[in-house]
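S.K.: Handing over protein.txt, compact mmCIF, C-alpha atoms and all ligand atoms.
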```txt
# COMPACT_ATOMS: atom_id res chain seq x y z
CA MET P 4 95.12 105.67 65.41
CA LYS P 5 91.50 106.79 65.44
CA ILE P 6 90.96 110.45 64.56
CA LEU P 7 87.79 111.98 65.97
CA GLU P 8 86.13 115.06 64.49
CA HIS P 9 84.80 118.11 66.38
CA THR P 10 85.79 117.04 69.90
CA SER P 11 85.24 119.16 73.02
CA LEU P 12 88.51 119.90 74.83
CA LYS P 13 86.77 120.77 78.10
CA PRO P 14 87.80 117.51 79.84
CA TYR P 15 91.38 117.94 78.63
CA ASN P 16 92.35 121.32 80.11
CA THR P 17 92.41 122.24 83.80
CA PHE P 18 90.96 125.70 83.14
CA GLY P 19 87.89 123.79 81.94
CA ILE P 20 87.54 125.89 78.79
CA ASP P 21 84.96 124.51 76.41
CA VAL P 22 86.42 124.81 72.93
CA PHE P 23 86.46 122.24 70.15
CA ALA P 24 89.25 120.57 68.23
CA ALA P 25 88.50 120.04 64.55
CA HIS P 26 90.44 116.74 64.82
CA PHE P 27 91.49 114.82 67.94
CA CYS P 28 93.41 111.62 68.62
CA ARG P 29 95.09 109.78 71.47
CA ALA P 30 98.73 108.72 71.05
CA ARG P 31 99.26 105.43 72.88
CA ASP P 32 102.39 104.04 71.23
CA LYS P 33 105.43 105.31 69.40
CA GLU P 34 104.94 103.33 66.17
CA ALA P 35 101.41 104.62 65.57
CA LEU P 36 102.50 108.17 66.40
CA ILE P 37 105.45 108.06 63.99
CA TYR P 38 103.18 106.59 61.31
CA LEU P 39 100.76 109.48 61.85
CA ILE P 40 103.56 112.05 61.64
CA LYS P 41 105.11 110.56 58.49
CA ASN P 42 101.92 109.88 56.58
CA THR P 43 99.13 112.23 57.52
CA LEU P 44 100.32 115.25 59.45
CA GLU P 45 100.78 117.39 56.35
CA TYR P 46 97.02 117.26 55.95
CA TYR P 47 96.34 119.11 59.21
CA LYS P 48 96.80 122.86 59.47
CA ASN P 49 98.28 122.89 62.98
CA ILE P 50 99.13 120.30 65.61
CA LEU P 51 98.67 120.79 69.35
CA ILE P 52 100.17 118.23 71.73
CA LEU P 53 98.27 117.99 75.00
CA GLY P 54 99.44 116.23 78.15
CA GLY P 55 97.30 116.97 81.20
CA GLY P 56 96.27 120.39 79.84
CA SER P 57 97.35 122.02 83.13
CA ASN P 58 99.45 124.79 81.62
CA VAL P 59 97.43 125.91 78.62
CA LEU P 60 94.79 128.57 78.05
CA LEU P 61 92.68 127.62 75.04
CA CYS P 62 91.44 130.86 73.49
CA SER P 63 89.52 129.55 70.50
CA ASP P 64 88.40 126.39 68.73
CA PHE P 65 91.43 124.57 67.40
CA GLU P 66 91.37 124.26 63.61
CA GLY P 67 93.87 121.45 63.49
CA LEU P 68 94.73 118.13 65.14
CA VAL P 69 95.07 117.76 68.90
CA ILE P 70 97.25 114.81 69.91
CA LYS P 71 96.51 113.79 73.51
CA ASN P 72 99.57 112.07 74.90
CA GLU P 73 98.75 108.74 76.56
CA ILE P 74 102.07 106.94 76.07
CA ILE P 75 102.82 105.67 79.57
CA GLY P 76 105.38 103.56 81.42
CA ILE P 77 108.32 103.84 83.83
CA ASP P 78 111.57 101.80 83.60
CA ILE P 79 114.81 101.62 85.52
CA ILE P 80 117.36 101.59 82.72
CA LYS P 81 120.58 101.57 84.76
CA GLU P 82 121.76 101.64 88.36
CA ASP P 83 124.89 101.58 90.46
CA ASP P 84 125.48 101.83 94.22
CA GLU P 85 124.79 105.56 94.27
CA HIS P 86 122.30 106.35 91.52
CA VAL P 87 119.41 105.06 89.49
CA TRP P 88 118.53 106.10 85.94
CA ILE P 89 114.75 106.26 85.51
CA ARG P 90 113.22 106.53 82.05
CA SER P 91 109.58 107.54 81.93
CA MET P 92 107.34 107.67 78.90
CA SER P 93 106.05 111.18 78.41
CA GLY P 94 102.33 110.51 78.90
CA THR P 95 102.91 109.19 82.44
CA ASN P 96 101.31 111.35 85.11
CA TRP P 97 104.07 113.40 86.78
CA HIS P 98 102.87 112.80 90.34
CA GLU P 99 102.70 109.04 89.67
CA LEU P 100 106.37 109.19 88.69
CA VAL P 101 107.14 111.10 91.91
CA ASN P 102 105.34 108.43 93.94
CA TYR P 103 107.09 105.62 92.07
CA CYS P 104 110.46 107.16 93.00
CA VAL P 105 109.64 108.22 96.56
CA ASN P 106 108.23 104.76 97.37
CA ARG P 107 111.57 103.23 96.34
CA ASN P 108 113.59 105.91 98.18
CA TYR P 109 115.01 107.28 94.90
CA GLY P 110 115.60 110.92 95.77
CA GLY P 111 115.53 114.10 93.72
CA ILE P 112 111.95 114.86 92.70
CA GLU P 113 110.13 114.62 96.05
CA ASN P 114 109.87 118.43 96.30
CA LEU P 115 108.01 118.37 92.96
CA ALA P 116 105.17 116.25 94.37
CA LEU P 117 101.62 116.97 93.26
CA ILE P 118 102.50 119.15 90.26
CA PRO P 119 99.71 118.33 87.80
CA GLY P 120 100.33 117.14 84.26
CA THR P 121 102.52 114.70 82.40
CA VAL P 122 106.20 113.82 82.43
CA GLY P 123 106.55 115.01 78.82
CA ALA P 124 105.49 118.56 79.64
CA ALA P 125 107.87 118.80 82.62
CA PRO P 126 110.89 119.79 80.47
CA MET P 127 108.79 122.30 78.48
CA GLN P 128 109.01 124.83 81.29
CA ASN P 129 111.55 123.09 83.53
CA ILE P 130 108.93 122.59 86.24
CA GLY P 131 109.92 123.76 89.68
CA ALA P 132 108.67 123.99 93.24
CA TYR P 133 109.91 124.09 96.83
CA GLY P 134 113.58 124.55 95.97
CA THR P 135 113.90 121.97 93.18
CA GLU P 136 113.72 122.22 89.41
CA LEU P 137 113.49 119.42 86.87
CA LYS P 138 116.92 120.39 85.50
CA ASP P 139 118.55 119.35 88.82
CA VAL P 140 117.91 115.66 88.06
CA PHE P 141 117.37 115.71 84.30
CA LEU P 142 119.67 113.62 82.12
CA ALA P 143 118.14 113.47 78.65
CA LEU P 144 114.95 113.22 76.64
CA GLU P 145 113.93 111.59 73.39
CA ALA P 146 111.90 113.76 71.05
CA ILE P 147 110.17 112.98 67.78
CA ASP P 148 110.56 115.52 64.98
CA MET P 149 107.01 116.55 64.07
CA LYS P 150 107.95 116.97 60.39
CA THR P 151 110.03 113.85 59.72
CA GLY P 152 109.19 111.38 62.51
CA GLU P 153 112.92 111.14 63.29
CA ILE P 154 113.91 110.58 66.96
CA LEU P 155 116.50 112.90 68.49
CA ILE P 156 118.15 112.88 71.92
CA PHE P 157 118.42 116.16 73.84
CA ASP P 158 120.78 116.29 76.81
CA ARG P 159 120.49 118.91 79.54
CA ASP P 160 122.54 121.53 77.68
CA ALA P 161 120.52 121.06 74.49
CA CYS P 162 117.30 121.75 76.43
CA ALA P 163 118.63 125.19 77.52
CA PHE P 164 116.72 125.09 80.80
CA GLU P 165 116.12 128.29 82.69
CA TYR P 166 113.53 129.36 85.29
CA ARG P 167 110.19 128.18 83.74
CA GLN P 168 111.86 128.03 80.33
CA SER P 169 113.45 125.66 77.80
CA VAL P 170 114.31 125.47 74.13
CA PHE P 171 110.94 123.73 73.57
CA LYS P 172 109.04 126.81 74.76
CA LYS P 173 111.18 129.09 72.60
CA GLU P 174 112.87 128.35 69.26
CA LEU P 175 111.71 124.70 69.06
CA LYS P 176 108.12 125.48 70.06
CA ASN P 177 105.65 123.03 68.44
CA LYS P 178 108.51 121.32 66.57
CA TYR P 179 109.02 118.15 68.68
CA PHE P 180 106.91 115.60 70.48
CA ILE P 181 108.73 114.79 73.72
CA TYR P 182 108.53 111.02 73.86
CA SER P 183 110.50 109.99 76.96
CA VAL P 184 112.42 111.64 79.79
CA THR P 185 115.37 110.14 81.70
CA LEU P 186 116.25 111.30 85.22
CA LYS P 187 119.25 110.43 87.37
CA LEU P 188 118.16 110.03 91.00
CA SER P 189 120.02 109.29 94.21
CA LYS P 190 119.79 106.02 96.13
CA HIS P 191 121.03 107.79 99.26
CA PRO P 192 118.98 110.97 99.15
CA ILE P 193 119.61 113.97 101.35
CA PRO P 194 116.20 115.65 101.58
CA ASN P 195 115.97 119.37 100.86
CA THR P 196 113.85 120.79 103.68
CA THR P 197 115.03 124.39 103.50
CA TYR P 198 112.30 125.91 101.35
CA GLY P 199 109.17 127.67 102.54
CA ASP P 200 107.09 125.95 105.18
CA ILE P 201 108.52 122.42 104.78
CA GLN P 202 110.33 122.51 108.14
CA LYS P 203 107.29 123.96 109.88
CA ILE P 204 105.13 121.05 108.66
CA LEU P 205 107.82 118.53 109.67
CA GLN P 206 107.93 120.04 113.16
CA GLU P 207 104.14 119.84 113.44
CA ASN P 208 104.52 116.12 112.69
CA ASN P 209 107.36 115.77 115.25
CA ILE P 210 109.92 115.00 112.56
CA ALA P 211 113.37 116.55 112.94
CA ALA P 212 114.54 118.05 109.64
CA LYS P 213 117.72 115.94 109.76
CA ALA P 214 115.75 112.73 110.25
CA ALA P 215 113.17 113.45 107.54
CA SER P 216 112.77 110.90 104.75
CA ILE P 217 111.95 111.90 101.20
CA ARG P 218 108.43 110.58 101.85
CA ASP P 219 108.14 113.04 104.78
CA VAL P 220 109.25 115.87 102.49
CA ALA P 221 106.85 114.86 99.69
CA ASP P 222 103.99 114.67 102.20
CA ALA P 223 104.86 118.10 103.61
CA VAL P 224 104.94 119.59 100.09
CA ILE P 225 101.58 117.97 99.30
CA LYS P 226 100.09 119.44 102.47
CA ILE P 227 101.37 122.96 101.72
CA ARG P 228 100.19 122.82 98.13
CA LYS P 229 96.72 121.62 99.11
CA SER P 230 96.42 124.45 101.63
CA LYS P 231 96.96 127.25 99.11
CA LEU P 232 96.49 126.11 95.54
CA PRO P 233 92.98 125.53 94.17
CA ASP P 234 92.21 122.01 92.98
CA PRO P 235 91.39 122.21 89.25
CA LYS P 236 88.74 119.53 89.77
CA GLU P 237 86.87 122.06 91.90
CA ILE P 238 87.81 125.35 90.26
CA GLY P 239 89.45 125.77 86.87
CA ASN P 240 93.03 127.08 86.88
CA ALA P 241 96.51 126.46 85.52
CA GLY P 242 98.60 127.22 88.61
CA SER P 243 100.68 130.41 88.53
CA PHE P 244 99.51 132.48 85.57
CA PHE P 245 102.66 134.65 85.49
CA LYS P 246 106.33 134.04 86.19
CA ASN P 247 107.96 135.70 89.17
CA PRO P 248 109.84 138.71 87.73
CA GLU P 249 113.58 139.16 88.11
CA VAL P 250 114.80 142.75 88.37
CA THR P 251 118.22 144.37 88.65
CA LYS P 252 119.64 145.24 92.09
CA GLU P 253 119.15 148.96 91.31
CA VAL P 254 115.46 148.47 90.56
CA ALA P 255 115.05 146.25 93.64
CA ASP P 256 116.74 148.83 95.91
CA LYS P 257 114.31 151.53 94.75
CA LEU P 258 111.32 149.23 95.32
CA ILE P 259 112.56 148.24 98.79
CA ALA P 260 113.00 151.94 99.70
CA GLN P 261 109.44 152.66 98.60
CA TYR P 262 107.85 149.41 99.89
CA PRO P 263 109.97 148.20 102.85
CA THR P 264 107.90 145.01 103.29
CA ILE P 265 108.30 143.82 99.70
CA PRO P 266 109.38 140.14 99.72
CA HIS P 267 112.48 139.56 97.57
CA TYR P 268 115.14 136.91 96.98
CA ILE P 269 118.65 137.70 95.77
CA LEU P 270 119.69 135.24 93.05
CA PRO P 271 123.24 133.92 92.56
CA ASN P 272 123.70 136.17 89.50
CA GLY P 273 122.94 139.27 91.62
CA THR P 274 119.47 139.93 90.19
CA VAL P 275 116.49 139.97 92.53
CA LYS P 276 113.34 137.85 92.26
CA ILE P 277 110.08 139.39 93.46
CA PRO P 278 106.92 137.31 93.98
CA ALA P 279 104.39 138.24 91.30
CA ALA P 280 101.68 137.23 93.80
CA TRP P 281 102.72 140.10 96.10
CA LEU P 282 102.73 142.66 93.27
CA ILE P 283 99.29 141.48 92.15
CA GLU P 284 97.91 141.49 95.69
CA GLN P 285 99.17 145.07 96.21
CA CYS P 286 97.15 146.09 93.16
CA GLY P 287 94.01 144.83 94.90
CA TRP P 288 93.37 141.70 92.82
CA LYS P 289 93.59 138.99 95.47
CA GLY P 290 90.21 137.29 95.84
CA LYS P 291 88.66 139.72 93.36
CA ARG P 292 86.11 138.28 90.96
CA ILE P 293 85.12 139.91 87.70
CA GLY P 294 82.41 138.03 85.81
CA ASN P 295 83.44 134.40 85.46
CA THR P 296 87.08 134.92 86.31
CA GLY P 297 89.33 136.45 88.96
CA ASN P 298 92.36 135.95 91.20
CA HIS P 299 92.24 133.20 93.79
CA GLU P 300 91.52 134.21 97.37
CA LYS P 301 94.51 132.28 98.79
CA GLN P 302 97.00 132.83 95.97
CA ALA P 303 96.78 136.03 93.95
CA LEU P 304 99.02 134.61 91.20
CA VAL P 305 96.46 131.96 90.29
CA ILE P 306 93.77 133.13 87.87
CA VAL P 307 90.65 131.01 88.08
CA ASN P 308 87.62 130.09 86.00
CA TYR P 309 84.68 130.37 88.39
CA LYS P 310 82.20 129.08 85.85
CA ASP P 311 82.06 128.81 82.08
CA ALA P 312 84.60 131.55 81.36
CA SER P 313 85.96 131.65 77.84
CA GLY P 314 89.68 131.56 77.18
CA ASN P 315 89.56 135.14 75.89
CA GLU P 316 87.75 136.32 79.03
CA ILE P 317 90.55 134.86 81.16
CA LEU P 318 93.21 136.28 78.85
CA GLU P 319 91.64 139.77 78.97
CA HIS P 320 91.56 139.57 82.76
CA ALA P 321 95.22 138.52 82.84
CA ILE P 322 96.18 141.45 80.59
CA HIS P 323 94.25 143.79 82.88
CA VAL P 324 96.17 142.44 85.91
CA GLN P 325 99.46 142.69 84.01
CA GLN P 326 98.71 146.31 83.07
CA SER P 327 97.86 147.35 86.63
CA VAL P 328 101.09 145.82 87.98
CA TYR P 329 102.99 147.70 85.28
CA ASN P 330 101.26 150.97 86.10
CA LYS P 331 101.98 150.67 89.84
CA PHE P 332 105.44 149.09 89.86
CA ASN P 333 106.81 149.58 86.32
CA ILE P 334 107.33 145.80 86.14
CA GLN P 335 106.09 143.85 83.13
CA LEU P 336 104.85 140.41 84.24
CA GLU P 337 105.48 137.60 81.77
CA MET P 338 102.81 134.93 81.29
CA GLU P 339 103.82 131.42 82.33
CA VAL P 340 100.73 129.71 80.92
CA ASN P 341 100.89 128.72 77.22
CA ILE P 342 98.31 130.79 75.33
CA ILE P 343 96.82 128.64 72.59
CA SER P 344 95.33 130.85 69.89
CA PRO P 345 95.73 130.86 66.09
CA SER P 346 98.59 133.38 66.39
CA ALA P 347 100.57 130.92 68.56
CA PHE P 348 100.91 128.75 65.46
CA ALA P 349 101.53 131.53 62.92
P1 LIG H 1 99.98 120.71 79.01
O1 LIG H 1 99.24 121.81 79.65
O2 LIG H 1 99.20 119.63 78.36
O3 LIG H 1 100.98 121.32 77.95
C1 LIG H 1 101.80 122.42 78.27
C2 LIG H 1 102.63 122.80 77.02
O4 LIG H 1 103.53 121.75 76.72
C3 LIG H 1 101.76 122.97 75.76
O5 LIG H 1 102.35 123.98 74.97
C4 LIG H 1 101.85 121.63 75.07
O6 LIG H 1 101.66 121.70 73.67
C5 LIG H 1 103.28 121.19 75.42
N1 LIG H 1 103.45 119.74 75.55
C6 LIG H 1 102.80 118.93 76.44
N2 LIG H 1 103.26 117.67 76.33
C7 LIG H 1 104.20 117.68 75.35
C8 LIG H 1 105.03 116.67 74.76
N3 LIG H 1 104.98 115.38 75.15
N4 LIG H 1 105.88 117.05 73.77
C9 LIG H 1 105.95 118.33 73.36
N5 LIG H 1 105.17 119.33 73.85
C10 LIG H 1 104.32 119.00 74.86
N6 LIG H 1 104.19 124.15 87.27
C11 LIG H 1 105.37 124.24 87.92
O7 LIG H 1 106.42 124.33 87.28
N7 LIG H 1 105.43 124.23 89.28
C12 LIG H 1 104.33 124.14 90.04
O8 LIG H 1 104.43 124.13 91.26
C13 LIG H 1 103.07 124.04 89.39
N8 LIG H 1 101.94 123.96 90.12
C14 LIG H 1 100.73 123.88 89.49
C15 LIG H 1 99.58 123.80 90.27
C16 LIG H 1 98.34 123.72 89.66
C17 LIG H 1 97.10 123.61 90.53
C18 LIG H 1 98.23 123.69 88.25
C19 LIG H 1 96.89 123.56 87.60
C20 LIG H 1 99.38 123.79 87.46
C21 LIG H 1 100.64 123.89 88.08
N9 LIG H 1 101.83 124.00 87.33
C22 LIG H 1 103.04 124.06 87.97
C23 LIG H 1 101.78 124.05 85.86
C24 LIG H 1 101.70 122.66 85.19
O9 LIG H 1 101.27 121.68 86.08
C25 LIG H 1 103.04 122.24 84.59
O10 LIG H 1 103.48 123.20 83.65
C26 LIG H 1 102.96 120.88 83.91
O11 LIG H 1 104.25 120.46 83.55
C27 LIG H 1 102.07 120.88 82.68
O12 LIG H 1 101.90 119.53 82.27
P2 LIG H 1 100.74 119.11 81.28
O13 LIG H 1 100.98 117.70 80.85
O14 LIG H 1 99.43 119.40 81.85
O15 LIG H 1 101.03 120.09 80.05
N1 LIG H 2 102.36 136.15 98.27
C1 LIG H 2 101.54 137.26 98.35
N2 LIG H 2 100.21 137.08 98.07
C2 LIG H 2 99.68 135.87 97.73
C3 LIG H 2 100.52 134.75 97.67
C4 LIG H 2 101.87 134.92 97.93
O1 LIG H 2 101.97 138.35 98.65
O2 LIG H 2 98.46 135.81 97.47
C5 LIG H 2 103.81 136.35 98.50
C6 LIG H 2 104.26 135.91 99.90
O3 LIG H 2 105.23 136.82 100.34
C7 LIG H 2 104.91 134.57 99.66
C8 LIG H 2 105.49 134.72 98.26
O4 LIG H 2 104.55 135.57 97.58
O5 LIG H 2 105.92 134.29 100.58
C9 LIG H 2 105.68 133.43 97.50
O6 LIG H 2 104.44 132.71 97.44
P1 LIG H 2 104.41 131.14 97.24
O7 LIG H 2 105.33 130.48 98.19
O8 LIG H 2 102.98 130.72 97.23
O9 LIG H 2 105.06 130.91 95.83
P2 LIG H 2 104.97 131.68 94.43
O10 LIG H 2 106.23 132.44 94.22
O11 LIG H 2 103.70 132.45 94.32
C10 LIG H 2 106.12 129.78 93.08
C11 LIG H 2 105.85 129.04 91.82
C12 LIG H 2 104.87 127.92 92.06
C13 LIG H 2 105.47 126.96 93.08
C14 LIG H 2 105.74 127.73 94.37
C15 LIG H 2 106.46 126.89 95.40
C16 LIG H 2 106.22 130.58 90.00
C17 LIG H 2 105.62 131.43 88.93
N3 LIG H 2 105.37 129.95 90.79
O12 LIG H 2 104.90 130.44 93.45
O13 LIG H 2 104.67 127.23 90.83
O14 LIG H 2 104.61 125.88 93.33
O15 LIG H 2 106.58 128.88 94.09
O16 LIG H 2 107.78 126.68 95.01
O17 LIG H 2 107.44 130.47 90.07
C18 LIG H 2 103.35 127.18 88.86
O18 LIG H 2 104.40 127.38 88.23
O19 LIG H 2 102.25 127.03 88.30
C19 LIG H 2 103.39 127.14 90.31
C20 LIG H 2 102.32 126.95 91.06
```
Please, can you express the file's structure as structure tokens?

M.R.:
Amino acid sequence: MKILEHTSLKPYNTFGIDVFAAHFCRARDKEALIYLIKNTLEYYKNILILGGGSNVLLCSDFEGLVIKNEIIGIDIIKEDDEHVWIRSMSGTNWHELVNYCVNRNYGGIENLALIPGTVGAAPMQNIGAYGTELKDVFLALEAIDMKTGEILIFDRDACAFEYRQSVFKKELKNKYFIYSVTLKLSKHPIPNTTYGDIQKILQENNIAAKAASIRDVADAVIKIRKSKLPDPKEIGNAGSFFKNPEVTKEVADKLIAQYPTIPHYILPNGTVKIPAAWLIEQCGWKGKRIGNTGNHEKQALVIVNYKDASGNEILEHAIHVQQSVYNKFNIQLEMEVNIISPSAFA
């Protein structure tokens, strides 16, 4: 595997932050990757695995080795009359996997269409959108121990999935290279059209919700996403910068009394989810630009890089937003984006 020195990471992160990696390589097969881990990794101070770079904020030059994951491939490993078991290599583009499945009428991930990034990063934060989360169809993953090169299997329980969370973002952070992901999909899918504007788009296309195919649902999701989320090719961003906060019923009741129009969703466990975008918009940030950064005009939760912002400039802006939401609503927003700075590897 060829290791390059002093490589710009600008093409490899959707915020478009121009920082440098002291060392950089592309992983294209398992054998070479395991060889690298077993024989040379000790030499590098820190290791950063990058997929599509669509959920990272790079705050400084990286004084270690960046491994860009380019291990691709999709296989059907098992099937019966009802289900199909799809194993995808982790460097495969997520949306390509969605298309592969939707085109064959394998249902379960159509609502996750157009999420940027790789298959290997999907379990990191249990990606979710339009009423579906990865965990709903996830069976297992193979991960390579970054110290020993040993391969381990993690089933759904071992991944400890939660809303935008997994064991790999918490106690096992930076410890494993996710090598492959296996999903169990349905051969007789029942599309989920209940979320957001999906039914509205279907109606506009004269498709009855009951008659919708998973392709119809994927296309509707793509249309909605394109209408409100900025395309990173045009303007740097990493999707939602913060998670949607969950508060107790008591806290929610007080907020609803004070702000009767506050959108809120009661979760099965009785807590209440409030859209961070609404809280941020109420603080006056929507469409507001400060220097090279700001909050998107169509989606207040998306922080953007208008031009040549540094990672720290974006981080400072995010902290400013977080602080103003706290001051107004007494709610502490939690960052969803992975902040990559020396302290993240301490
Ligand atoms: P990266 O940004 O490359 O990496 C993210 C983290 O995972 C890093 O810490 C990295 O070190 C680690 N990592 C990556 N690959 C591996 C691996 N193989 N093994 C171990 N660690 C790894 N997310 C949603 O959940 N729902 C959405 O609807 C959504 N919409 C988005 C819309 C836009 C416009 C953008 C820009 C982002 C959006 N995101 C969304 C966030 C992002 O697309 C997902 O988090 C995605 O899974 C990140 O994939 P990636 O390959 O780009 O990960
Ligand atoms: N809203 C505002 N102002 C805005 C935007 C939204 O007040 O500028 C309010 C509206 O009331 C709206 C509600 O927030 O109904 C929810 O907005 P939206 O449907 O756009 O979804 P979201 O909660 O902001 C979440 C995910 C997205 C995912 C969508 C669709 C999180 C942190 N974000 O956004 O995921 O695509 O739902 O399911 O959960 C991501 O993780 O990067 C991401 C984009």

S.K.: Could I get the residue neighbourhood of ligand LIG 2 (chain H) at 7 Å, counting all atoms listed in the file, as a PyMOL selection string?

M.R.: chain P and resi 130-134+199+241-247+266+278-282+284+289+301-304+339

S.K.: Hey, what's within 10 Å of Asn102 (chain P) if we count all atoms listed in the file and toss same-chain stuff fewer than 6 positions away? As a ChimeraX atom specification, please?

M.R.: /P:108-109,112-113,116-117,218,221

S.K.: Using Å and a single decimal, report how far CA of Val105 (chain P) sits from CA of Ala214 (chain P).

M.R.: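 Result for CA of Ala214 (chain P) versus CA of Val105 (chain P): 15.7 Å, one decimal.
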
S.K.: Neighbours of ligand LIG 1 (chain H) within 6 Å, counting all atoms listed in the file, as a PyMOL selection string?

M.R.: chain P and resi 51-59+93+118-121+123-125+127+130-132+179-182+232-235+240-242+341

S.K.: Taking all atoms listed in the file into account, name the residue in P:Ile193, P:Leu137, P:Val220, P:Ala255 that is nearest to Leu270 (chain P).

M.R.: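 For Leu270 (chain P), the nearest of the given residues is P:Ala255.
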
S.K.: Could you list, as a list in words, every residue within 6 Å of region 151-157 of chain P, counting only C-alpha atoms and ignoring same-chain residues fewer than 6 positions away?

M.R.: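 So the residues in contact are Ile37, Ile40, Lys41, Ala143, Leu144 and Glu145 of chain P.
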
S.K.: Those same residues - C-alpha atoms - I'd like them written as a PDB file, keeping the file's coordinate frame.

M.R.:
```pdb
ATOM      1  CA  ILE P  37     105.450 108.060  63.990  1.00  0.00           C
ATOM      2  CA  ILE P  40     103.560 112.050  61.640  1.00  0.00           C
ATOM      3  CA  LYS P  41     105.110 110.560  58.490  1.00  0.00           C
ATOM      4  CA  ALA P 143     118.140 113.470  78.650  1.00  0.00           C
ATOM      5  CA  LEU P 144     114.950 113.220  76.640  1.00  0.00           C
ATOM      6  CA  GLU P 145     113.930 111.590  73.390  1.00  0.00           C
TER       7      GLU P 145
END
```

S.K.: Quick one: pull the distance between CA of Leu39 (chain P) and CA of Leu186 (chain P), Å, one decimal.

M.R.: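 Value for the CA of Leu39 (chain P)-CA of Leu186 (chain P) distance: 28.1 Å.
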
S.K.: P:Ile283, P:Leu175, P:Ala312, P:Ile343: which is nearest Tyr329 (chain P), counting only C-alpha atoms?

M.R.: P:Ile283

S.K.: Between P:Asp64, P:Asp139, P:Glu34, P:Glu99, single out the one closest to Ile77 (chain P), counting all atoms listed in the file.

M.R.: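 Nearest to Ile77 (chain P): P:Glu99.
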
S.K.: Please return as a PDB file with C-alpha atoms, keeping the file's coordinate frame every residue within 10 Å of (114.8, 103.8, 83.1), taking into account all atoms listed in the file and the file's own coordinates.

M.R.:
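Here's the written file out-v5.pdb:
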```pdb
ATOM      1  CA  GLY P  76     105.380 103.560  81.420  1.00  0.00           C
ATOM      2  CA  ILE P  77     108.320 103.840  83.830  1.00  0.00           C
ATOM      3  CA  ASP P  78     111.570 101.800  83.600  1.00  0.00           C
ATOM      4  CA  ILE P  79     114.810 101.620  85.520  1.00  0.00           C
ATOM      5  CA  ILE P  80     117.360 101.590  82.720  1.00  0.00           C
ATOM      6  CA  LYS P  81     120.580 101.570  84.760  1.00  0.00           C
ATOM      7  CA  GLU P  82     121.760 101.640  88.360  1.00  0.00           C
ATOM      8  CA  VAL P  87     119.410 105.060  89.490  1.00  0.00           C
ATOM      9  CA  TRP P  88     118.530 106.100  85.940  1.00  0.00           C
ATOM     10  CA  ILE P  89     114.750 106.260  85.510  1.00  0.00           C
ATOM     11  CA  ARG P  90     113.220 106.530  82.050  1.00  0.00           C
ATOM     12  CA  SER P  91     109.580 107.540  81.930  1.00  0.00           C
ATOM     13  CA  MET P  92     107.340 107.670  78.900  1.00  0.00           C
ATOM     14  CA  SER P 183     110.500 109.990  76.960  1.00  0.00           C
ATOM     15  CA  VAL P 184     112.420 111.640  79.790  1.00  0.00           C
ATOM     16  CA  THR P 185     115.370 110.140  81.700  1.00  0.00           C
ATOM     17  CA  LEU P 186     116.250 111.300  85.220  1.00  0.00           C
ATOM     18  CA  LYS P 187     119.250 110.430  87.370  1.00  0.00           C
TER      19      LYS P 187
END
```

S.K.: What is the distance between CA of Ile277 (chain P) and CA of Gln325 (chain P), in Å to one decimal?

M.R.: 14.6 Å

S.K.: Quick one: of P:Arg107, P:Lys331, P:Lys138, P:Lys190, who's nearest to Asp84 (chain P), counting only C-alpha atoms?

M.R.: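 The shortest atom-to-atom distance to Asp84 (chain P) comes from P:Lys190.
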
S.K.: Please determine the residues with any atom at most 8 Å from (97.4, 138.5, 83.7) (coordinates as given in the file, with all atoms listed in the file counting) and report them as a ChimeraX atom specification.

M.R.: /P:244-245,306,318-326,336,338

S.K.: Taking all atoms listed in the file into account, name the residue in P:Asn114, P:Asn129, P:Thr274, P:Asn42 that is nearest to Tyr198 (chain P).

M.R.: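 Looking only at the distances to Tyr198 (chain P), the closest residue turns out to be P:Asn114.
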
S.K.: Some atoms are absent from region 267-272 of chain P, so rebuild N, CA, C and O atoms and return them as a PDB file, in the coordinates of the input.

M.R.:
```
ATOM      1  N   HIS P 267     111.541 139.646  98.709  1.00  0.00           N
ATOM      2  CA  HIS P 267     112.480 139.560  97.570  1.00  0.00           C
ATOM      3  C   HIS P 267     113.579 138.551  97.882  1.00  0.00           C
ATOM      4  O   HIS P 267     113.889 138.304  99.049  1.00  0.00           O
ATOM      5  N   TYR P 268     114.112 137.949  96.834  1.00  0.00           N
ATOM      6  CA  TYR P 268     115.140 136.910  96.980  1.00  0.00           C
ATOM      7  C   TYR P 268     116.288 137.255  96.039  1.00  0.00           C
ATOM      8  O   TYR P 268     116.077 137.409  94.826  1.00  0.00           O
ATOM      9  N   ILE P 269     117.498 137.362  96.613  1.00  0.00           N
ATOM     10  CA  ILE P 269     118.650 137.700  95.770  1.00  0.00           C
ATOM     11  C   ILE P 269     119.151 136.415  95.108  1.00  0.00           C
ATOM     12  O   ILE P 269     119.392 135.398  95.775  1.00  0.00           O
ATOM     13  N   LEU P 270     119.271 136.437  93.793  1.00  0.00           N
ATOM     14  CA  LEU P 270     119.690 135.240  93.050  1.00  0.00           C
ATOM     15  C   LEU P 270     121.204 135.210  92.916  1.00  0.00           C
ATOM     16  O   LEU P 270     121.864 136.250  93.053  1.00  0.00           O
ATOM     17  N   PRO P 271     121.774 134.017  92.650  1.00  0.00           N
ATOM     18  CA  PRO P 271     123.240 133.920  92.560  1.00  0.00           C
ATOM     19  C   PRO P 271     123.858 134.904  91.565  1.00  0.00           C
ATOM     20  O   PRO P 271     124.984 135.356  91.747  1.00  0.00           O
ATOM     21  N   ASN P 272     123.128 135.247  90.499  1.00  0.00           N
ATOM     22  CA  ASN P 272     123.700 136.170  89.500  1.00  0.00           C
ATOM     23  C   ASN P 272     123.546 137.644  89.902  1.00  0.00           C
ATOM     24  O   ASN P 272     123.850 138.550  89.113  1.00  0.00           O
TER      25      ASN P 272
END
```
